[in-house]
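Engineer: The following file, data_17.csv, comprises CSV, C-alpha atoms:
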chain,number,residue,atom,x,y,z
H,1,MET,CA,37.0,-153.9,-43.3
H,2,ASN,CA,39.4,-154.3,-46.2
H,3,ARG,CA,42.6,-156.1,-45.3
H,4,ILE,CA,45.8,-154.0,-45.3
H,5,PRO,CA,47.4,-154.1,-48.8
H,6,ASP,CA,50.6,-156.0,-49.3
H,7,LEU,CA,53.7,-154.0,-48.7
H,8,ASN,CA,55.0,-154.8,-52.2
H,9,VAL,CA,51.8,-153.5,-53.7
H,10,LEU,CA,52.1,-150.2,-51.9
H,11,ALA,CA,55.7,-149.9,-52.9
H,12,ALA,CA,54.7,-150.5,-56.6
H,13,PHE,CA,52.0,-147.8,-56.3
H,14,ALA,CA,54.6,-145.4,-54.7
H,15,ALA,CA,57.0,-146.0,-57.6
H,16,VAL,CA,54.4,-145.1,-60.2
H,17,ALA,CA,53.3,-142.1,-58.2
H,18,ARG,CA,56.9,-140.9,-57.9
H,19,HIS,CA,57.8,-141.3,-61.5
H,20,GLN,CA,54.4,-140.5,-62.8
H,21,SER,CA,55.1,-143.2,-65.4
H,22,PHE,CA,54.3,-146.9,-65.5
H,23,ARG,CA,57.3,-147.5,-67.8
H,24,LYS,CA,59.9,-145.8,-65.6
H,25,ALA,CA,58.5,-147.4,-62.4
H,26,ALA,CA,58.5,-150.8,-64.1
H,27,GLU,CA,62.1,-150.3,-65.1
H,28,GLU,CA,63.0,-149.4,-61.5
H,29,ARG,CA,61.2,-152.5,-60.1
H,30,GLY,CA,62.3,-154.9,-62.8
H,31,VAL,CA,58.8,-155.9,-64.0
H,32,SER,CA,56.7,-155.2,-67.1
H,33,ALA,CA,54.6,-152.0,-67.3
H,34,SER,CA,51.5,-154.1,-67.9
H,35,ALA,CA,52.1,-156.2,-64.7
H,36,LEU,CA,52.6,-153.0,-62.7
H,37,SER,CA,49.4,-151.5,-64.1
H,38,HIS,CA,47.6,-154.7,-63.1
H,39,THR,CA,49.0,-154.5,-59.6
H,40,VAL,CA,48.0,-150.8,-59.1
H,41,ARG,CA,44.5,-151.5,-60.5
H,42,GLY,CA,44.1,-154.3,-58.0
H,43,LEU,CA,45.1,-151.9,-55.2
H,44,GLU,CA,42.4,-149.4,-56.4
H,45,GLU,CA,39.8,-152.2,-56.4
H,46,GLN,CA,40.9,-153.2,-52.9
H,47,MET,CA,40.8,-149.6,-51.6
H,48,ASN,CA,37.6,-148.9,-53.6
H,49,GLN,CA,39.3,-145.6,-54.6
H,50,ARG,CA,40.6,-144.3,-57.9
H,51,LEU,CA,44.3,-143.5,-57.1
H,52,LEU,CA,45.6,-142.5,-60.6
H,53,ASN,CA,44.3,-140.6,-63.5
H,54,ARG,CA,45.6,-142.4,-66.7
H,55,THR,CA,45.8,-141.0,-70.2
H,56,THR,CA,47.9,-142.1,-73.2
H,57,ARG,CA,50.4,-139.4,-72.4
H,58,SER,CA,50.5,-139.0,-68.6
H,59,VAL,CA,49.8,-140.5,-65.2
H,60,THR,CA,48.8,-138.2,-62.4
H,61,LEU,CA,47.6,-138.7,-58.8
H,62,THR,CA,44.0,-138.2,-57.8
H,63,ALA,CA,43.2,-136.5,-54.5
H,64,ALA,CA,42.9,-139.9,-52.8
H,65,GLY,CA,46.2,-141.1,-54.5
H,66,GLU,CA,48.0,-138.0,-53.3
H,67,GLN,CA,46.8,-138.6,-49.8
H,68,LEU,CA,47.9,-142.2,-49.8
H,69,PHE,CA,51.2,-141.5,-51.4
H,70,THR,CA,52.1,-138.7,-49.0
H,71,GLN,CA,51.3,-140.9,-46.0
H,72,ILE,CA,53.0,-144.2,-47.1
H,73,VAL,CA,56.3,-142.8,-48.5
H,74,PRO,CA,58.0,-142.1,-45.1
H,75,SER,CA,57.0,-145.5,-43.8
H,76,LEU,CA,58.2,-147.3,-46.9
H,77,THR,CA,61.5,-145.5,-46.8
H,78,ALA,CA,61.9,-146.2,-43.1
H,79,ILE,CA,61.2,-149.9,-43.6
H,80,HIS,CA,63.7,-150.1,-46.5
H,81,GLN,CA,66.4,-148.3,-44.5
H,82,ALA,CA,65.8,-150.4,-41.4
H,83,VAL,CA,66.3,-153.6,-43.4
H,84,ASN,CA,69.4,-152.2,-45.0
H,85,ASP,CA,70.8,-151.0,-41.7
H,86,LEU,CA,70.3,-154.5,-40.2
H,87,GLU,CA,72.0,-156.1,-43.2
H,88,ASN,CA,74.8,-153.7,-43.1
H,89,SER,CA,75.4,-154.1,-39.3
H,90,GLY,CA,79.0,-155.1,-38.8
H,91,ARG,CA,79.7,-155.2,-42.6
H,92,ALA,CA,81.2,-152.9,-45.1
H,93,VAL,CA,79.2,-149.8,-46.0
H,94,TYR,CA,77.3,-150.4,-49.3
H,95,GLY,CA,74.1,-149.7,-51.0
H,96,THR,CA,72.7,-146.7,-53.0
H,97,LEU,CA,72.8,-143.2,-51.6
H,98,ARG,CA,70.6,-140.7,-53.4
H,99,LEU,CA,71.1,-137.0,-52.9
H,100,ASN,CA,69.4,-133.9,-54.2
H,101,MET,CA,71.1,-130.5,-54.3
H,102,PRO,CA,71.6,-127.4,-56.5
H,103,HIS,CA,74.3,-127.4,-59.1
H,104,SER,CA,76.4,-125.1,-57.0
H,105,ALA,CA,76.5,-127.4,-54.0
H,106,ALA,CA,77.4,-130.4,-56.3
H,107,GLN,CA,80.3,-128.4,-57.7
H,108,LEU,CA,81.5,-126.8,-54.5
H,109,LEU,CA,80.9,-129.5,-51.9
H,110,ILE,CA,80.5,-132.9,-53.5
H,111,ALA,CA,82.9,-132.9,-56.5
H,112,PRO,CA,86.0,-132.2,-54.3
H,113,ILE,CA,85.3,-135.3,-52.0
H,114,LEU,CA,84.0,-137.8,-54.6
H,115,SER,CA,87.4,-139.5,-55.1
H,116,ASP,CA,88.0,-139.9,-51.4
H,117,TYR,CA,84.5,-141.2,-50.8
H,118,HIS,CA,84.6,-143.8,-53.4
H,119,ARG,CA,88.1,-144.9,-52.4
H,120,LEU,CA,86.9,-145.4,-48.8
H,121,TYR,CA,83.5,-146.9,-49.7
H,122,PRO,CA,83.7,-148.5,-53.1
H,123,ALA,CA,80.5,-150.6,-52.6
H,124,VAL,CA,78.3,-147.4,-52.4
H,125,ARG,CA,76.4,-146.3,-55.5
H,126,LEU,CA,76.2,-142.5,-55.1
H,127,GLU,CA,73.4,-140.8,-57.1
H,128,ILE,CA,73.7,-137.0,-57.3
H,129,ILE,CA,70.6,-135.2,-58.6
H,130,ALA,CA,71.7,-131.6,-59.4
H,131,ASP,CA,68.5,-129.6,-59.4
H,132,ASP,CA,68.1,-125.9,-58.6
H,133,ARG,CA,64.4,-126.3,-57.7
H,134,LEU,CA,63.2,-126.6,-54.1
H,135,THR,CA,62.5,-130.3,-54.2
H,136,ASP,CA,60.7,-132.4,-51.6
H,137,ILE,CA,63.4,-135.0,-51.0
H,138,VAL,CA,61.0,-137.5,-49.3
H,139,ARG,CA,58.6,-137.4,-52.3
H,140,GLN,CA,61.5,-137.8,-54.7
H,141,GLY,CA,62.9,-140.8,-52.9
H,142,CYS,CA,66.1,-139.1,-51.9
H,143,ASP,CA,68.1,-140.0,-48.7
H,144,ALA,CA,69.2,-136.4,-48.2
H,145,GLY,CA,69.5,-133.0,-49.8
H,146,ILE,CA,71.8,-130.0,-49.6
H,147,ARG,CA,70.5,-126.4,-49.5
H,148,PHE,CA,71.1,-123.1,-47.8
H,149,GLY,CA,69.5,-122.9,-44.3
H,150,GLN,CA,66.7,-120.5,-45.2
H,151,SER,CA,65.2,-123.0,-47.7
H,152,LEU,CA,65.1,-126.2,-45.6
H,153,GLN,CA,61.9,-128.2,-45.5
H,154,PRO,CA,60.1,-128.8,-42.1
H,155,GLU,CA,60.7,-132.0,-40.1
H,156,MET,CA,64.3,-132.1,-41.3
H,157,ILE,CA,67.5,-132.7,-39.4
H,158,ALA,CA,70.1,-130.3,-40.7
H,159,VAL,CA,73.9,-130.5,-40.5
H,160,ALA,CA,76.2,-127.7,-41.5
H,161,VAL,CA,78.7,-128.9,-44.2
H,162,GLY,CA,81.6,-127.2,-46.0
H,163,ASN,CA,82.8,-123.7,-45.6
H,164,ALA,CA,80.3,-120.8,-45.6
H,165,GLN,CA,80.0,-119.5,-49.2
H,166,GLN,CA,80.6,-115.8,-50.0
H,167,PHE,CA,79.1,-114.3,-53.1
H,168,SER,CA,81.1,-111.8,-55.2
H,169,VAL,CA,80.2,-109.3,-57.9
H,170,VAL,CA,82.8,-109.5,-60.7
H,171,ALA,CA,83.6,-108.3,-64.1
H,172,SER,CA,86.6,-108.5,-66.5
H,173,ALA,CA,89.1,-105.7,-66.7
H,174,ASP,CA,88.1,-105.2,-70.3
H,175,TYR,CA,84.4,-104.7,-69.4
H,176,LEU,CA,85.2,-102.2,-66.7
H,177,ARG,CA,87.4,-100.2,-69.2
H,178,ARG,CA,84.6,-100.1,-71.7
H,179,TYR,CA,81.6,-99.4,-69.4
H,180,GLY,CA,83.1,-98.1,-66.1
H,181,GLU,CA,82.7,-99.5,-62.6
H,182,PRO,CA,79.4,-99.2,-60.7
H,183,GLU,CA,79.9,-97.6,-57.2
H,184,VAL,CA,76.6,-98.5,-55.7
H,185,PRO,CA,74.3,-101.5,-56.3
H,186,GLU,CA,71.6,-99.4,-57.9
H,187,ALA,CA,74.1,-98.4,-60.6
H,188,LEU,CA,73.9,-101.9,-61.9
H,189,LEU,CA,70.6,-101.0,-63.5
H,190,SER,CA,72.5,-99.2,-66.3
H,191,HIS,CA,75.0,-102.0,-66.8
H,192,ARG,CA,75.0,-105.3,-68.8
H,193,CYS,CA,74.5,-108.0,-66.2
H,194,ILE,CA,74.6,-111.8,-66.5
H,195,GLY,CA,71.6,-113.0,-64.6
H,196,ARG,CA,70.8,-116.4,-63.0
H,197,VAL,CA,67.5,-118.1,-64.0
H,198,PHE,CA,65.9,-121.0,-62.1
H,199,PRO,CA,64.0,-123.9,-63.7
H,200,SER,CA,60.7,-122.2,-62.7
H,201,GLY,CA,61.7,-119.3,-65.0
H,202,LYS,CA,62.2,-116.9,-62.0
H,203,CYS,CA,65.4,-114.8,-62.1
H,204,TYR,CA,67.6,-114.4,-59.0
H,205,GLN,CA,67.7,-110.9,-57.6
H,206,TRP,CA,71.1,-109.9,-56.4
H,207,GLU,CA,71.4,-109.4,-52.7
H,208,PHE,CA,73.2,-106.5,-51.0
H,209,LEU,CA,73.5,-105.0,-47.5
H,210,ARG,CA,72.7,-101.5,-46.4
H,211,ASP,CA,72.6,-100.3,-42.8
H,212,GLY,CA,72.6,-104.0,-41.6
H,213,ARG,CA,69.6,-104.9,-43.8
H,214,VAL,CA,69.5,-107.1,-46.9
H,215,PHE,CA,68.0,-105.6,-50.1
H,216,THR,CA,67.8,-106.8,-53.6
H,217,VAL,CA,68.4,-105.5,-57.1
H,218,ALA,CA,66.6,-106.9,-60.1
H,219,VAL,CA,69.4,-106.5,-62.5
H,220,PRO,CA,68.6,-106.0,-66.2
H,221,GLY,CA,70.2,-109.2,-67.5
H,222,HIS,CA,70.8,-109.3,-71.2
H,223,LEU,CA,71.8,-112.9,-70.5
H,224,ALA,CA,70.0,-115.2,-68.1
H,225,LEU,CA,71.8,-118.5,-67.5
H,226,SER,CA,71.1,-121.4,-65.2
H,227,HIS,CA,74.5,-122.9,-64.7
H,228,GLU,CA,77.5,-121.6,-62.9
H,229,SER,CA,80.0,-122.7,-65.6
H,230,MET,CA,78.1,-120.8,-68.3
H,231,ILE,CA,77.9,-117.6,-66.1
H,232,ARG,CA,81.6,-118.0,-65.4
H,233,SER,CA,82.6,-118.3,-69.0
H,234,GLN,CA,80.5,-115.3,-70.1
H,235,VAL,CA,81.9,-113.0,-67.4
H,236,LEU,CA,85.5,-114.1,-68.4
H,237,GLU,CA,84.7,-113.2,-72.0
H,238,GLY,CA,83.8,-109.7,-70.9
H,239,ASN,CA,80.1,-110.0,-71.7
H,240,GLY,CA,78.8,-108.4,-68.5
H,241,ILE,CA,78.9,-108.3,-64.7
H,242,ALA,CA,78.1,-111.4,-62.7
H,243,TYR,CA,77.1,-112.3,-59.1
H,244,VAL,CA,78.8,-115.6,-58.4
H,245,TYR,CA,80.2,-117.8,-55.6
H,246,ARG,CA,83.7,-116.4,-54.9
H,247,SER,CA,85.3,-119.8,-54.4
H,248,LEU,CA,84.5,-120.6,-58.1
H,249,ILE,CA,86.4,-117.7,-59.5
H,250,GLU,CA,89.0,-117.2,-56.8
H,251,ASP,CA,91.9,-118.0,-59.1
H,252,GLU,CA,90.8,-115.5,-61.7
H,253,ILE,CA,90.4,-112.8,-59.0
H,254,ASN,CA,93.9,-113.5,-57.7
H,255,SER,CA,95.4,-113.4,-61.2
H,256,GLY,CA,93.6,-110.1,-62.0
H,257,THR,CA,91.6,-111.7,-64.9
H,258,LEU,CA,88.4,-110.7,-63.0
H,259,GLN,CA,88.0,-107.8,-60.7
H,260,GLU,CA,85.7,-107.6,-57.7
H,261,ILE,CA,83.3,-104.7,-57.4
H,262,LEU,CA,80.8,-103.5,-54.8
H,263,THR,CA,82.6,-105.5,-52.1
H,264,ALA,CA,81.5,-103.2,-49.3
H,265,TRP,CA,77.8,-103.9,-50.1
H,266,LEU,CA,77.8,-107.7,-50.0
H,267,PRO,CA,76.0,-109.7,-47.3
H,268,PRO,CA,77.9,-112.1,-45.1
H,269,PRO,CA,78.7,-115.7,-46.3
H,270,GLU,CA,75.9,-118.3,-46.3
H,271,GLN,CA,76.1,-121.8,-45.0
H,272,PHE,CA,75.1,-124.9,-46.8
H,273,TYR,CA,73.3,-127.6,-44.8
H,274,LEU,CA,72.9,-131.3,-45.6
H,275,TYR,CA,69.4,-132.3,-44.4
H,276,TYR,CA,67.4,-135.5,-44.1
H,277,TYR,CA,64.0,-136.5,-42.9
H,278,GLY,CA,64.0,-136.6,-39.1
H,279,ARG,CA,61.8,-139.7,-38.7
H,280,ARG,CA,63.9,-142.2,-40.5
H,281,GLN,CA,67.0,-144.3,-39.9
H,282,VAL,CA,70.2,-142.6,-41.2
H,283,PRO,CA,71.9,-145.0,-43.7
H,284,ALA,CA,75.5,-145.9,-42.9
H,285,ALA,CA,76.5,-144.5,-46.4
H,286,LEU,CA,75.0,-141.1,-45.5
H,287,LYS,CA,76.7,-141.1,-42.1
H,288,LYS,CA,80.1,-141.6,-43.8
H,289,LEU,CA,79.4,-138.9,-46.3
H,290,ILE,CA,78.5,-136.4,-43.6
H,291,GLU,CA,81.7,-137.3,-41.7
H,292,LEU,CA,83.8,-136.7,-44.9
H,293,LEU,CA,82.0,-133.3,-45.6
H,294,ARG,CA,82.6,-132.1,-42.1
H,295,ALA,CA,86.2,-133.3,-41.9
Let me see the structure of the file written as structure tokens.
Structural biologist:
Amino acid sequence: MNRIPDLNVLAAFAAVARHQSFRKAAEERGVSASALSHTVRGLEEQMNQRLLNRTTRSVTLTAAGEQLFTQIVPSLTAIHQAVNDLENSGRAVYGTLRLNMPHSAAQLLIAPILSDYHRLYPAVRLEIIADDRLTDIVRQGCDAGIRFGQSLQPEMIAVAVGNAQQFSVVASADYLRRYGEPEVPEALLSHRCIGRVFPSGKCYQWEFLRDGRVFTVAVPGHLALSHESMIRSQVLEGNGIAYVYRSLIEDEINSGTLQEILTAWLPPPEQFYLYYYGRRQVPAALKKLIELLRA
């Protein structure tokens, strides 16, 4: 029977698998790419399995590598956090806290509390990965993520954070003077709409409520944008109708710069949740962030 590989060797393999790059993994671990390649090759020889497919342009996991990576990442993360928790016991909160979330959550939830968090816990390095894809936070080496409740991954502990977010359909007064106001959601099909596109290339279908049931409208977007700030700027310039988080354009609604339409058709607000893998120790830095978000 082969002896169990060294923990550092497994961690080196996991870094390469996560980054799919020897260079990036080597930078993270503070070693040379050639030394890292030698370490992983030694692991393959010990396991008598090819774990990585290597070409001059890419590094990908084999089926055996995928199986090993998926199984060891939670354990490696738990060991790392257990050691950190022991070191942090009775001491100031410090370390690196890595979070994954959509751009909207970063803007609505995290940006407003960043100053307070760093004032209270200056020794914490906070890494915010704003990504609108549904990401496996364990695989990406993140401590936690933020998503709406319906898109949470299994085996996750979820904590409601922030206020529930209401969507709003808005247009500038100038646009409505030129094109008129749609009175039912289906009327949007004959309007200029500013769509939202995800990194996968899929466009978001606007959600409405009829007789207690949610239905969607695939609006004919002459613009398809991926960032809230771009959508906001285009609707302010009168270039179409947008479906946005109300809290991001509340000042413009109150001032009359933007007008809300189809308000009777909108579904109820949705709640953001901070979630983390349920089988691991919760870092002190994450506990403090949750406390601040819920305060």
Engineer: Could you check the closest approach to Gly238 of chain H for each of H:Leu292, H:Ala144, H:Ala173, H:Val31 and tell me which residue wins, using only C-alpha atoms?
Structural biologist: H:Ala173
Engineer: Give me the box for segment 213-220 of chain H as lines of an AutoDock Vina configuration file, namely the centre and edge lengths in Å to one decimal of a box along x, y and z that holds every listed atom plus 6 Å on each side.
Structural biologist:
center_x = 68.1
center_y = -106.0
center_z = -55.0
size_x = 15.0
size_y = 14.2
size_z = 34.4
Engineer: Using only C-alpha atoms, determine which residues lie at most 12 Å from Pro102 of chain H, disregarding the query and same-chain residues fewer than 2 positions distant; provide the list as a ChimeraX atom specification.
Structural biologist: /H:99-100,104-110,128-135,145-148,151,198-199,226-228,272-274
Engineer: Neighbouring residues of segment 47-57 of chain H were defined as those with any atom within 9 Å, considering only C-alpha atoms; residues of the same chain fewer than 3 positions away were excluded. Please report them as a compact mmCIF listing (two decimals) with C-alpha atoms, in the frame of the given file.
Structural biologist:
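Wrote selection_17.txt, looks like this:
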# COMPACT_ATOMS: atom_id res chain seq x y z
CA ASN H 2 39.40 -154.30 -46.20
CA PRO H 5 47.40 -154.10 -48.80
CA PHE H 13 52.00 -147.80 -56.30
CA ALA H 17 53.30 -142.10 -58.20
CA VAL H 40 48.00 -150.80 -59.10
CA ARG H 41 44.50 -151.50 -60.50
CA GLY H 42 44.10 -154.30 -58.00
CA LEU H 43 45.10 -151.90 -55.20
CA GLU H 44 42.40 -149.40 -56.40
CA THR H 60 48.80 -138.20 -62.40
CA LEU H 61 47.60 -138.70 -58.80
CA THR H 62 44.00 -138.20 -57.80
CA ALA H 63 43.20 -136.50 -54.50
CA ALA H 64 42.90 -139.90 -52.80
CA GLY H 65 46.20 -141.10 -54.50
CA GLU H 66 48.00 -138.00 -53.30
CA LEU H 68 47.90 -142.20 -49.80
Engineer: What is the atom CA of Val244 of chain H to atom CA of Ile290 of chain H distance in Å?
Structural biologist: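 Computing it gives 25.5 Å between the two atoms.
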Engineer: Kindly indicate which residue among H:Gly95, H:Gly278, H:Gln271, H:Phe22 lies nearest to Ala160 of chain H, using only C-alpha atoms for the distances.
Structural biologist: H:Gln271
Engineer: Using all atoms listed in the file, pick whichever of H:Gln46, H:Thr263, H:Thr70, H:Gln140 has the shortest atom-to-atom distance to Val169 of chain H.
Structural biologist: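 The answer is H:Thr263, which sits nearest to Val169 of chain H.
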Engineer: Considering all atoms listed in the file, return as a short mmCIF file (atom, residue, chain, number, x, y, z; two decimals) with C-alpha atoms, keeping the file's coordinate frame whatever protein or nucleic-acid residues lie within 12 Å of Cys203 of chain H, sequence-local ones (same chain, fewer than 6 positions apart) excluded.
Structural biologist:
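Result written to result_19.cif:
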data_model
loop_
_atom_site.label_atom_id
_atom_site.label_comp_id
_atom_site.auth_asym_id
_atom_site.auth_seq_id
_atom_site.Cartn_x
_atom_site.Cartn_y
_atom_site.Cartn_z
CA ASP H 132 68.10 -125.90 -58.60
CA ILE H 194 74.60 -111.80 -66.50
CA GLY H 195 71.60 -113.00 -64.60
CA ARG H 196 70.80 -116.40 -63.00
CA VAL H 197 67.50 -118.10 -64.00
CA THR H 216 67.80 -106.80 -53.60
CA VAL H 217 68.40 -105.50 -57.10
CA ALA H 218 66.60 -106.90 -60.10
CA VAL H 219 69.40 -106.50 -62.50
CA PRO H 220 68.60 -106.00 -66.20
CA GLY H 221 70.20 -109.20 -67.50
CA HIS H 222 70.80 -109.30 -71.20
CA LEU H 223 71.80 -112.90 -70.50
CA ALA H 224 70.00 -115.20 -68.10
CA LEU H 225 71.80 -118.50 -67.50
CA SER H 226 71.10 -121.40 -65.20
#
Engineer: What's the separation between atom CA of Asn239 of chain H and atom CA of Pro267 of chain H, in Å to one decimal place?
Structural biologist: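 Going from atom CA of Asn239 of chain H over to atom CA of Pro267 of chain H covers 24.7 Å.
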Engineer: Between atom CA of Ala12 of chain H and atom CA of Tyr276 of chain H, what distance in Å does the model show, to one decimal?
Structural biologist: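 Going from atom CA of Ala12 of chain H over to atom CA of Tyr276 of chain H covers 23.3 Å.
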